[in-house]
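Colleague: Before I ask anything, here is the structure I am working with.
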Number of protein chains: 2
Amino acid sequence: MTTARPDDWLTSLAGDRPDLGRSSTAERVAEVLRTRVLEGDLAPGLRLSEEAIGGALRVSRNTLREAFRLLTHERLLVHEYSRGVFVRVPTAQDVTDLYRARRIIECGALRRWPHASNVAHAALADAVRESEEAAARDQWPQVGTANLKFHRAMAGLAGSPRVDEAVGRLLAELRLVFHVMGEHREFYEAYVPWRRQIIDLLERNELDEAERTLREYFDAAERQLVDAFARLPTT
Amino acid sequence: MTTARPDDWLTSLAGDRPDLGRSSTAERVAEVLRTRVLEGDLAPGLRLSEEAIGGALRVSRNTLREAFRLLTHERLLVHEYSRGVFVRVPTAQDVTDLYRARRIIECGALRRWPHASNVAHAALADAVRESEEAAARDQWPQVGTANLKFHRAMAGLAGSPRVDEAVGRLLAELRLVFHVMGEHREFYEAYVPWRRQIIDLLERNELDEAERTLREYFDAAERQLVDAFARLPTT
DNA sequence: TATTGAAGGATTGTTGAACAATCTCTACGG
DNA sequence: CCGTAGAGATTGTTCAACAATCCTTCAATA
């Protein structure tokens, strides 16, 4: 605990301001539903009845609708006028678009590696290590988590909160997509060494090659996901 | 109006679905407030009282709060728990971050020029022409509008709805920032020929040079805006 | 003078109920 | 089999009330 100048105390305290703003009921309800959707408890396409959920969670319809709105903005739910809200059903087209957007943003962020901070570099390395360790222990869900962390760290190279937020939204949506892959280890396993390769290239400052590798990584993942969707029973 | 296969009728119709979902009261209220904020009628930092605005617009507090939420999501308003919503006060730091994000996304989209559709190409050319014509007529607000159109079209090269949305949000925020520049012609004038140069380079397929020019364009605009903020009375 | 503490008034957070608008489903008739 | 009409269920919107929180004021203290 280093004692700094009073100025620094204040500025660092000011940074905690957002955390201080305690969450509203709607945000807590949204958090519950978000978890349920991302865990797959609430199947895509399911309609969320205001009365049923409001009754179960003991919150008023107004508050519940506020929570719905938050999740709709995150693209986890879709809202149809006078029909209600539904758990989003991702399509192969969504997958294509998600990867199109990710290629642009994450590859752009990767290029900022030379200008990024040490903590940003470390976050990327940490994520790769976690990914490898979880894979060694056959803990595939954790590999998935480390994967998300890796890409969040990749976006973090840009050093821009707005880029972080944009990528965060894409990744949340992607988590919904991943559910069609189930818990199949094959899906997670292939990408672990790929991530190692990318960070090795970055640490050697071979930016062009790193970007090329990341693009191939995206191409492969997109292809695998689109294939999985094509194999899906068309409802 | 070309007659296409029935499939195309349907898919294009499906695209209109969101428009069909007639606007809710909250969205109309949001539109009114959005205009007011962007026109500068509602000064940055101003607190928007639920009672006052709800009373003036004759809508219930619940509906108004929903409108607030929409605008908060667009980053035009900020919400503080138990304190209310305020018109966003952009900072020089915001400007820096906005341009950081724009450089990554728009430059990434620019690189997709060879793969973009003809309509995407045309949208970019149209925006440049509009910009020039408005400048020739000394209509600087219209130059500003054409500018936004230009950058929306630049993002459109990616052919990704999610990229469009991300850039749309950045530009909406930027419009708030532009207000500190007032109606000063100097701010709009310098960038008109720059845009012409970029599209000329693109049409000659000189991608590297086009990207370099766009980056310089961003650097200049960011510098000018940050300077303007530094000159601002610190409240 | 500057700081602290305690009313109080004002504003937001949340709820429940009510009614209108819209959709869904079923049954009927052609 | 198809289309239609009506009943029932669900959402859209508003209102009124109370709880929780914040801001202002003002007096007391060092």
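Each chain in the structure tokens gets a letter, A, B, ..., in the order shown, and its residues are numbered from 1; ligands are numbered from 1 in order too.
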Hey, list the chain B side of the contact with chain D: 7 Å cut-off, only C-alpha atoms (C1' of nucleotides), answer as a ChimeraX atom specification.
Modeller: /B:60,82-83
Colleague: Please provide the set of residues having any atom within 8 Å of range 173-184 of chain B, restricted to only C-alpha atoms (C1' of nucleotides), with same-chain residues fewer than 2 positions apart removed, written as an mmCIF file with N, CA, C and O atoms, in the first residue's frame.
Modeller:
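Result file around-v3.cif:
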```cif
data_model
loop_
_atom_site.group_PDB
_atom_site.id
_atom_site.type_symbol
_atom_site.label_atom_id
_atom_site.label_comp_id
_atom_site.auth_asym_id
_atom_site.auth_seq_id
_atom_site.Cartn_x
_atom_site.Cartn_y
_atom_site.Cartn_z
ATOM 1 N N VAL B 37 -31.573 17.194 -28.117
ATOM 2 C CA VAL B 37 -30.201 17.097 -27.622
ATOM 3 C C VAL B 37 -29.212 17.409 -28.745
ATOM 4 O O VAL B 37 -28.273 18.189 -28.568
ATOM 5 N N LEU B 38 -29.447 16.833 -29.914
ATOM 6 C CA LEU B 38 -28.487 16.997 -31.009
ATOM 7 C C LEU B 38 -28.525 18.406 -31.578
ATOM 8 O O LEU B 38 -27.527 18.908 -32.086
ATOM 9 N N GLY B 40 -28.899 20.876 -29.745
ATOM 10 C CA GLY B 40 -28.281 21.711 -28.734
ATOM 11 C C GLY B 40 -29.287 22.464 -27.878
ATOM 12 O O GLY B 40 -28.914 23.292 -27.058
ATOM 13 N N GLU B 74 -27.775 5.002 -26.380
ATOM 14 C CA GLU B 74 -27.108 5.688 -27.492
ATOM 15 C C GLU B 74 -26.025 6.628 -26.991
ATOM 16 O O GLU B 74 -25.406 7.337 -27.772
ATOM 17 N N ARG B 75 -25.841 6.661 -25.702
ATOM 18 C CA ARG B 75 -24.833 7.496 -25.059
ATOM 19 C C ARG B 75 -25.107 8.990 -25.204
ATOM 20 O O ARG B 75 -24.195 9.805 -25.076
ATOM 21 N N LEU B 76 -26.333 9.374 -25.477
ATOM 22 C CA LEU B 76 -26.681 10.789 -25.512
ATOM 23 C C LEU B 76 -27.016 11.282 -24.117
ATOM 24 O O LEU B 76 -26.843 12.454 -23.809
ATOM 25 N N PRO B 90 -19.606 15.520 -23.088
ATOM 26 C CA PRO B 90 -18.437 14.862 -23.679
ATOM 27 C C PRO B 90 -17.157 15.523 -23.198
ATOM 28 O O PRO B 90 -17.117 16.734 -22.964
ATOM 29 N N VAL B 95 -13.319 12.226 -26.930
ATOM 30 C CA VAL B 95 -12.930 12.475 -28.320
ATOM 31 C C VAL B 95 -11.798 11.537 -28.715
ATOM 32 O O VAL B 95 -11.841 10.872 -29.754
ATOM 33 N N LEU B 98 -13.162 8.040 -29.072
ATOM 34 C CA LEU B 98 -14.004 7.905 -30.253
ATOM 35 C C LEU B 98 -13.143 7.739 -31.511
ATOM 36 O O LEU B 98 -13.417 6.884 -32.358
ATOM 37 N N TRP B 140 -23.043 24.888 -44.673
ATOM 38 C CA TRP B 140 -22.156 24.086 -43.826
ATOM 39 C C TRP B 140 -22.865 23.039 -42.987
ATOM 40 O O TRP B 140 -22.299 21.949 -42.779
ATOM 41 N N PRO B 141 -24.059 23.293 -42.490
ATOM 42 C CA PRO B 141 -24.740 22.184 -41.789
ATOM 43 C C PRO B 141 -24.930 20.971 -42.699
ATOM 44 O O PRO B 141 -24.731 19.832 -42.264
ATOM 45 N N ARG B 169 -23.452 4.242 -33.710
ATOM 46 C CA ARG B 169 -23.436 4.732 -32.340
ATOM 47 C C ARG B 169 -22.288 5.707 -32.122
ATOM 48 O O ARG B 169 -22.433 6.724 -31.449
ATOM 49 N N LEU B 170 -21.139 5.395 -32.693
ATOM 50 C CA LEU B 170 -20.004 6.309 -32.540
ATOM 51 C C LEU B 170 -20.315 7.662 -33.175
ATOM 52 O O LEU B 170 -20.007 8.717 -32.618
ATOM 53 N N LEU B 171 -20.958 7.622 -34.340
ATOM 54 C CA LEU B 171 -21.234 8.878 -35.040
ATOM 55 C C LEU B 171 -22.294 9.702 -34.311
ATOM 56 O O LEU B 171 -22.213 10.928 -34.266
ATOM 57 N N GLU B 186 -14.824 26.850 -40.689
ATOM 58 C CA GLU B 186 -13.461 26.341 -40.816
ATOM 59 C C GLU B 186 -13.395 24.844 -40.493
ATOM 60 O O GLU B 186 -12.594 24.106 -41.049
ATOM 61 N N PHE B 187 -14.270 24.451 -39.577
ATOM 62 C CA PHE B 187 -14.214 23.058 -39.149
ATOM 63 C C PHE B 187 -14.682 22.114 -40.263
ATOM 64 O O PHE B 187 -14.147 21.028 -40.424
ATOM 65 N N TYR B 188 -15.678 22.543 -41.019
ATOM 66 C CA TYR B 188 -16.218 21.661 -42.052
ATOM 67 C C TYR B 188 -15.430 21.739 -43.348
ATOM 68 O O TYR B 188 -15.276 20.768 -44.071
ATOM 69 N N LEU B 225 -10.480 18.864 -32.636
ATOM 70 C CA LEU B 225 -11.522 18.763 -31.613
ATOM 71 C C LEU B 225 -10.930 18.843 -30.211
ATOM 72 O O LEU B 225 -11.465 19.538 -29.343
ATOM 73 N N ALA B 228 -10.151 22.310 -29.407
ATOM 74 C CA ALA B 228 -11.361 23.072 -29.093
ATOM 75 C C ALA B 228 -11.808 22.807 -27.664
ATOM 76 O O ALA B 228 -12.243 23.710 -26.950
ATOM 77 N N PHE B 229 -11.673 21.556 -27.226
ATOM 78 C CA PHE B 229 -12.069 21.218 -25.859
ATOM 79 C C PHE B 229 -11.142 21.873 -24.855
ATOM 80 O O PHE B 229 -11.575 22.340 -23.804
#
```
Colleague: With a cut-off of 9 Å and counting only C-alpha atoms (C1' of nucleotides), select all residues of chain C in contact with chain B and give the selection as number ranges by chain.
Modeller: C: 11-13
Colleague: Please determine the contact residues of chain B with respect to chain A at a cut-off of 9 Å, counting only C-alpha atoms, and supply them as a VMD selection string.
Modeller: chain B and resid 18 21 to 22 24 62 66 69 to 70 73 80 to 81 96 to 98 100 to 101 103 to 109 158 to 163 166 170
Colleague: Go ahead and dump the residues you just picked, N, CA, C and O atoms, as a short mmCIF file (atom, residue, chain, number, x, y, z; two decimals), in the first residue's frame.
Modeller:
```cif
data_model
loop_
_atom_site.label_atom_id
_atom_site.label_comp_id
_atom_site.auth_asym_id
_atom_site.auth_seq_id
_atom_site.Cartn_x
_atom_site.Cartn_y
_atom_site.Cartn_z
N PRO B 18 -38.84 -4.79 -38.89
CA PRO B 18 -38.68 -3.87 -37.75
C PRO B 18 -39.43 -2.56 -37.97
O PRO B 18 -40.02 -2.02 -37.04
N GLY B 21 -43.14 -2.93 -37.24
CA GLY B 21 -43.47 -2.82 -35.82
C GLY B 21 -43.56 -1.36 -35.50
O GLY B 21 -42.58 -0.75 -35.18
N ARG B 22 -44.74 -0.80 -35.64
CA ARG B 22 -44.92 0.65 -35.54
C ARG B 22 -44.27 1.15 -34.27
O ARG B 22 -44.16 0.46 -33.28
N SER B 24 -43.32 2.58 -30.90
CA SER B 24 -44.00 2.70 -29.63
C SER B 24 -43.96 4.16 -29.18
O SER B 24 -43.21 4.97 -29.73
N ASN B 62 -43.48 6.08 -16.66
CA ASN B 62 -42.93 4.80 -17.13
C ASN B 62 -42.49 4.88 -18.58
O ASN B 62 -41.41 4.43 -18.94
N GLU B 66 -38.63 4.78 -20.25
CA GLU B 66 -38.24 3.88 -21.32
C GLU B 66 -37.50 4.66 -22.42
O GLU B 66 -36.49 4.20 -22.96
N ARG B 69 -34.07 5.40 -21.38
CA ARG B 69 -33.20 4.23 -21.49
C ARG B 69 -32.66 4.08 -22.90
O ARG B 69 -31.50 3.77 -23.11
N LEU B 70 -33.53 4.33 -23.88
CA LEU B 70 -33.09 4.24 -25.27
C LEU B 70 -31.95 5.22 -25.53
O LEU B 70 -30.94 4.88 -26.12
N HIS B 73 -28.70 4.34 -23.91
CA HIS B 73 -28.01 3.32 -24.66
C HIS B 73 -27.25 3.93 -25.84
O HIS B 73 -26.20 3.45 -26.24
N GLU B 80 -27.74 8.34 -13.58
CA GLU B 80 -27.12 8.12 -12.27
C GLU B 80 -28.20 7.69 -11.29
O GLU B 80 -29.23 8.34 -11.18
N TYR B 81 -27.90 6.59 -10.63
CA TYR B 81 -28.89 5.95 -9.78
C TYR B 81 -29.46 6.94 -8.75
O TYR B 81 -28.72 7.59 -8.02
N THR B 96 -10.79 11.46 -27.86
CA THR B 96 -9.66 10.57 -28.14
C THR B 96 -10.13 9.14 -28.34
O THR B 96 -9.73 8.46 -29.29
N ASP B 97 -10.99 8.69 -27.44
CA ASP B 97 -11.45 7.31 -27.53
C ASP B 97 -12.30 7.07 -28.77
O ASP B 97 -12.20 6.05 -29.44
N LEU B 98 -13.16 8.04 -29.07
CA LEU B 98 -14.00 7.90 -30.25
C LEU B 98 -13.14 7.74 -31.51
O LEU B 98 -13.42 6.88 -32.36
N ARG B 100 -10.03 6.74 -31.64
CA ARG B 100 -9.32 5.47 -31.57
C ARG B 100 -10.21 4.36 -32.14
O ARG B 100 -9.79 3.54 -32.95
N ALA B 101 -11.46 4.35 -31.68
CA ALA B 101 -12.40 3.31 -32.14
C ALA B 101 -12.68 3.46 -33.63
O ALA B 101 -12.74 2.48 -34.37
N ARG B 103 -10.78 4.79 -35.96
CA ARG B 103 -9.64 4.40 -36.77
C ARG B 103 -9.65 2.89 -36.98
O ARG B 103 -9.45 2.41 -38.10
N ILE B 104 -9.92 2.17 -35.92
CA ILE B 104 -9.90 0.71 -36.03
C ILE B 104 -11.02 0.21 -36.94
O ILE B 104 -10.80 -0.55 -37.87
N ILE B 105 -12.23 0.68 -36.68
CA ILE B 105 -13.36 0.11 -37.42
C ILE B 105 -13.42 0.63 -38.85
O ILE B 105 -13.54 -0.13 -39.80
N GLU B 106 -13.33 1.95 -39.01
CA GLU B 106 -13.49 2.48 -40.37
C GLU B 106 -12.32 2.11 -41.28
O GLU B 106 -12.52 1.82 -42.46
N CYS B 107 -11.11 2.11 -40.73
CA CYS B 107 -9.99 1.70 -41.56
C CYS B 107 -10.11 0.22 -41.94
O CYS B 107 -9.76 -0.18 -43.06
N GLY B 108 -10.59 -0.57 -41.00
CA GLY B 108 -10.83 -1.98 -41.31
C GLY B 108 -11.87 -2.15 -42.38
O GLY B 108 -11.75 -3.02 -43.27
N ALA B 109 -12.90 -1.34 -42.33
CA ALA B 109 -13.96 -1.42 -43.33
C ALA B 109 -13.45 -0.95 -44.69
O ALA B 109 -13.77 -1.54 -45.73
N ALA B 158 -17.97 -2.77 -45.15
CA ALA B 158 -17.79 -4.05 -44.47
C ALA B 158 -18.94 -5.01 -44.78
O ALA B 158 -18.79 -6.21 -44.68
N GLY B 159 -20.10 -4.45 -45.14
CA GLY B 159 -21.24 -5.30 -45.44
C GLY B 159 -21.74 -6.05 -44.22
O GLY B 159 -22.23 -7.16 -44.32
N SER B 160 -21.62 -5.42 -43.06
CA SER B 160 -22.03 -6.09 -41.83
C SER B 160 -22.95 -5.19 -41.01
O SER B 160 -22.56 -4.11 -40.58
N PRO B 161 -24.17 -5.63 -40.79
CA PRO B 161 -25.11 -4.84 -39.99
C PRO B 161 -24.54 -4.48 -38.63
O PRO B 161 -24.78 -3.38 -38.13
N ARG B 162 -23.77 -5.39 -38.04
CA ARG B 162 -23.25 -5.10 -36.70
C ARG B 162 -22.18 -4.02 -36.75
O ARG B 162 -22.06 -3.21 -35.84
N VAL B 163 -21.40 -4.01 -37.78
CA VAL B 163 -20.42 -2.93 -37.93
C VAL B 163 -21.16 -1.61 -38.18
O VAL B 163 -20.81 -0.58 -37.60
N ALA B 166 -22.42 -0.38 -34.84
CA ALA B 166 -21.36 0.12 -33.96
C ALA B 166 -20.91 1.50 -34.41
O ALA B 166 -20.79 2.42 -33.59
N LEU B 170 -21.14 5.40 -32.69
CA LEU B 170 -20.00 6.31 -32.54
C LEU B 170 -20.31 7.66 -33.17
O LEU B 170 -20.01 8.72 -32.62
#
```
Colleague: As an MDAnalysis selection string, list the residues of range 17-149 of chain A assigned to helix (DSSP H, G or I) by DSSP on the backbone atoms of this structure.
Modeller: chainID A and resid 17:20 25:39 50:57 61:73 92:110 113:115 118:136 140:149
Colleague: Suppose you want the space between CA of Val32 in chain B and CA of Val78 in chain B; what is it in Å?
Modeller: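 That distance, rounded to one decimal, is 17.0 Å.
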Colleague: In Å, with one decimal, what is the gap from C1' of DT14 in chain C to CA of Val59 in chain A?
Modeller: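 These two atoms are separated by 8.6 Å.
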Colleague: Please indicate the distance in Å from CA of Leu33 in chain A to CA of Asn147 in chain A, rounded to one decimal place.
Modeller: 22.7 Å
